[in-house]
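A short write-up of the structure that comes next.
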Amino acid sequence: MPTPLSWLEVDGRALACNLRKFRARLDAHTRLMAVVKADAYGHGMAPVARVALGAGADWLGVFNLAEALALRAAGLQAPILVLGYVPLADLGEAAAQGVRVTASSLETLEAGAAAARAAGQPLHLHLKLETGTQRLGLDGEPLARALALLREHPELHLEGAHTHFANIEDTTEHDFARGQLGRFQALLAEVRAAGFPVELPHTACTAAAILFPQTHFALARVGIGLYGLWPSKETFLSALAQGQDALRLSPALSWKTRVAQVKLVPSGAYVGYGCTYRCTRPTRLAILPVGYANGYDRRLSNQGHVLVRGARAPIRGRVCMNLCMVDVTDVPEVRLEDEVVLLGAQGDERISAEQLAGWAGTINYEVIARADPHAPRVLLGGEGG
């Protein structure tokens with residue numbers, strides 16, 4: 001097998017440690033869902049799911065049915081909830097595989113009832129309740145009609161109901177989130193008054209799990225925190241303002257490449273497309289075989305840094321589709337095929353997802369979720385965490 005030009009290392013012990021810290025914040029009756037959608041936020045879905053289950057997760061959360069079926073094919077039999085949309089034609093497969101489906105439309109309920117009858121087994125549903133994000137979700141008259149359909153079709157098993165907070169991560173003032181929580185509680189009461197006990201109400205994302213115990217209900221969904229990252233600086237500041245002890249999370253992902261060429265260029269030479277950088281001294285460049293096709297954002301051009309031989313080296317010129325260039329003039333010992341860290345630690349230096357996000361004008365979620373989707377993921381520390 002060819003030697004990879006880019007690869008990601010995932011610290012299984014860090015994942016397990018992070019998950020146990022969230023487990024410790026929950027009451028004994030509250031179950032914990034490890035959210036492994038988007039290839040486990042770029043970390044590798046099946047290996048991360050195994051680590052999470054071994055460390056005490058009860059449920060797995062994915063976005064689409066393909067992800068759920070991949071986990072089933074990998075031998076994972078834990079409860080799985082599809083948090084996104086399942087096409088009507090695929091509801092029978094979900095029922096057959098025991099995959100829980102989020103229902104946010106009347107059409108899903110109608111087609112789900114027919115699919116469950118054809119499969120000869122119930123379809124387990126979680127209603128998505130609209131509380132203020134204006135994405136998938138039901139409220140008002142559509143919710144009333146959905147409850148009527150559920151009463152008509154006993155083959156549909158309403159197991160849970162959930163919502164998602166709109167700006168709990170974006171501010172230190174949480175009145176909007178509290179309003180959403182109140183709306184969820186009112187809608188949940190409406191569902192229960194219609195005769196559905198709703199075993200598993202859930203609202204908590206990572207930020208809510210940290211800041212508001214009242215959001216935990218019967219199930220907490222932990223995504224970004226599982227991977228060792230805070231949802232935002234506002235979440236961190238809110239936790240401090242509440243007097244919480246610092247929740248020490250350990251980033252699990254490192255992204256690496258290797259030097260493909262080292263070259264000397266004269267003072268005054270332009271580097272890369274568009275001539276956006278001009279050397280002000282004789283410069284030693286290291287050429288790296290990663291670019292925006294690998295998820296290394298073009299907005300890092302002339303902004304980002306990498307680590308090589310334990311030192312920072314700045315990006316020079318534009319990030320190309322498959323290549324980028326870094327200045328190693330001040331790291332003269334760099335040689336061909338030296339290991340380069342794009343994200344993570346090397347020696348005493350670290351480049352965090354937050355730093356990359358700041359340079360690229362985005363958020364840490366996007367940085368890790370887009371990290372070279374075609375590169376191998378290497379799990380370190382064992383699948384048992």
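Chains: A, B, ... in order of the structure tokens. Residues: from 1 per chain. Ligands: from 1, in order shown.
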
### Query
Any idea what's packed within 7 Å of stretch 217-232 of chain A, counting only C-alpha atoms, ignoring anything in its chain fewer than 4 positions away? Could you give it as a PyMOL selection string?
chain A and resi 15+18-19+29-35+169+200-207+209+236+249-252

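Comparing A:Arg50, A:Arg316, A:Lys37, A:His164 by their smallest distance to A:Leu300, the closest is A:Arg316 (using only C-alpha atoms).
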
From the DSSP assignment of the backbone, select every residue of stretch 116-333 of chain A that is strand (DSSP E or B), and format the answer as JSON, numbers by chain.
{"A": [123, 124, 125, 126, 127, 128, 129, 138, 156, 157, 158, 159, 160, 161, 162, 200, 201, 202, 203, 204, 219, 220, 221, 222, 253, 254, 255, 256, 257, 258, 261, 262, 263, 264, 265, 270, 271, 277, 278, 283, 284, 285, 286, 287, 288, 305, 306, 307, 308, 311, 312, 313, 314, 315, 324, 325, 326, 327]}

For A:Asp139, list every protein, DNA or RNA residue within 8 Å, evaluated using only C-alpha atoms, and leave out those in the same chain fewer than 6 positions away; present the list as a VMD selection string.
-> chain A and resid 129 to 131 187

Selection from above, N, CA and C atoms, as a PDB file, in the first residue's frame, can you write it?
ATOM      1  N   LEU A 129     -38.764  18.642  17.553  1.00  0.00           N
ATOM      2  CA  LEU A 129     -39.658  19.729  17.921  1.00  0.00           C
ATOM      3  C   LEU A 129     -39.008  21.068  17.598  1.00  0.00           C
ATOM      4  N   GLU A 130     -39.753  21.935  16.947  1.00  0.00           N
ATOM      5  CA  GLU A 130     -39.249  23.254  16.542  1.00  0.00           C
ATOM      6  C   GLU A 130     -39.382  24.238  17.696  1.00  0.00           C
ATOM      7  N   THR A 131     -38.240  24.732  18.171  1.00  0.00           N
ATOM      8  CA  THR A 131     -38.263  25.652  19.308  1.00  0.00           C
ATOM      9  C   THR A 131     -37.608  26.995  19.001  1.00  0.00           C
ATOM     10  N   LEU A 187     -43.967  21.929  24.452  1.00  0.00           N
ATOM     11  CA  LEU A 187     -44.306  20.997  23.375  1.00  0.00           C
ATOM     12  C   LEU A 187     -44.251  19.555  23.865  1.00  0.00           C
TER      13      LEU A 187
END

- prompt: Leaving out stretch 64-69 of chain A and any residue of its chain fewer than 2 positions from it, which residues lie within 8 Å of it when counting only C-alpha atoms, given as JSON, numbers by chain?
  reply: {"A": [37, 62, 71, 72, 73, 80, 81, 82, 83, 84, 85, 86, 90, 94, 97, 99]}

Q | Nearest-residue call for A:Met325, choices A:Arg370, A:His126, A:Arg135, A:Lys263, using only C-alpha atoms | A |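 Of A:Arg370, A:His126, A:Arg135, A:Lys263, the one nearest A:Met325, counting only C-alpha atoms, is A:Lys263.
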
Would you mind writing down, as a ChimeraX atom specification, each residue of stretch 30-229 of chain A that DSSP on the backbone assigns to helix (DSSP H, G or I)? /A:37-41,45-54,65-73,88-96,106-119,140-152,175-193,206-211,213-215,224-227

Check your understanding: atom CA of A:Gly344 and atom CA of A:Asp330 are how many Å apart?
Key ->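 So the two atoms, atom CA of A:Gly344 and atom CA of A:Asp330, lie 20.7 Å apart.
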
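Contact shell of A:Ala241 at 12 Å (only C-alpha atoms; same-chain neighbours under 5 positions omitted): Thr172, Glu173, Leu211, Glu234, Thr235, Phe236 and Ala246 of chain A.
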
Review point. Hey, what's within 10 Å of stretch 354-357 of chain A if we count only C-alpha atoms and toss same-chain stuff fewer than 4 positions away? As a list of chain:residue names, please?
Key: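 Those residues are A:Leu229, A:Trp230, A:Ser232, A:Lys233, A:Tyr296, A:Asp297, A:Arg299, A:Leu300, A:Gln303, A:Gly304, A:His305, A:Val306, A:Leu342, A:Leu343, A:Arg350, A:Gly361, A:Thr362, A:Ile363, A:Asn364, A:Tyr365, A:Glu366, A:Val367, A:Ile368.
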
Can those selected residues be exported to a file as a tab-separated table (two decimals), in the first residue's frame so that it contains C-alpha atoms?
chain	number	residue	atom	x	y	z
A	229	LEU	CA	-12.71	20.75	22.02
A	230	TRP	CA	-14.84	23.43	23.64
A	232	SER	CA	-16.65	28.16	21.72
A	233	LYS	CA	-14.81	30.64	23.90
A	296	TYR	CA	-6.34	22.53	4.30
A	297	ASP	CA	-8.23	25.76	3.80
A	299	ARG	CA	-7.81	31.01	3.56
A	300	LEU	CA	-4.69	29.85	5.41
A	303	GLN	CA	-1.75	33.24	7.41
A	304	GLY	CA	-1.19	29.79	8.89
A	305	HIS	CA	1.77	28.00	10.42
A	306	VAL	CA	2.84	24.37	10.58
A	342	LEU	CA	-0.67	20.71	10.49
A	343	LEU	CA	-2.85	20.27	13.58
A	350	ARG	CA	1.00	23.10	19.41
A	361	GLY	CA	-12.08	32.78	9.66
A	362	THR	CA	-14.16	29.77	10.65
A	363	ILE	CA	-14.84	27.54	13.70
A	364	ASN	CA	-13.04	24.57	15.19
A	365	TYR	CA	-15.89	22.25	14.13
A	366	GLU	CA	-15.18	22.91	10.46
A	367	VAL	CA	-11.42	22.52	10.84
A	368	ILE	CA	-11.62	18.99	12.23

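The nearest approach to A:Thr329 among the residues A:Val48, A:Val265, A:Ala194, A:Val378, with only C-alpha atoms taken into account, belongs to A:Val265.
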
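Counting only C-alpha atoms, A:Leu127 has the following residues at most 6 Å away, ignoring those fewer than 5 positions along the same chain: Thr102, Ala103 and Ala161 of chain A.
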
Selected residues written out with N, CA and C atoms, as a tab-separated table (two decimals), in the first residue's frame:
chain	number	residue	atom	x	y	z
A	102	THR	N	-35.31	10.26	13.16
A	102	THR	CA	-35.88	11.54	13.52
A	102	THR	C	-37.02	11.86	12.56
A	103	ALA	N	-38.18	12.16	13.10
A	103	ALA	CA	-39.35	12.50	12.28
A	103	ALA	C	-39.63	13.99	12.43
A	161	ALA	N	-38.19	12.59	21.84
A	161	ALA	CA	-38.45	13.89	21.24
A	161	ALA	C	-37.26	14.78	21.55

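Here atom CA of A:Gly56 stands at a distance of 24.1 Å from atom CA of A:Ala239.
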
Margin query: Restricting the calculation to only C-alpha atoms: of A:Val198, A:Ile210, A:Ala95, A:Val340, which residue gets closest to A:Arg309?
Written below: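 The closest residue to A:Arg309 is A:Val340.
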
ask   = Which of these residues is nearest to A:Val328, using only C-alpha atoms: A:Val259, A:Cys275, A:Leu136, A:Ala293?
value =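 Distance minimum relative to A:Val328 lands on A:Val259.
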
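Pairwise distance (atom CA of A:Pro266, atom CA of A:Asp327) equals 12.6 Å.
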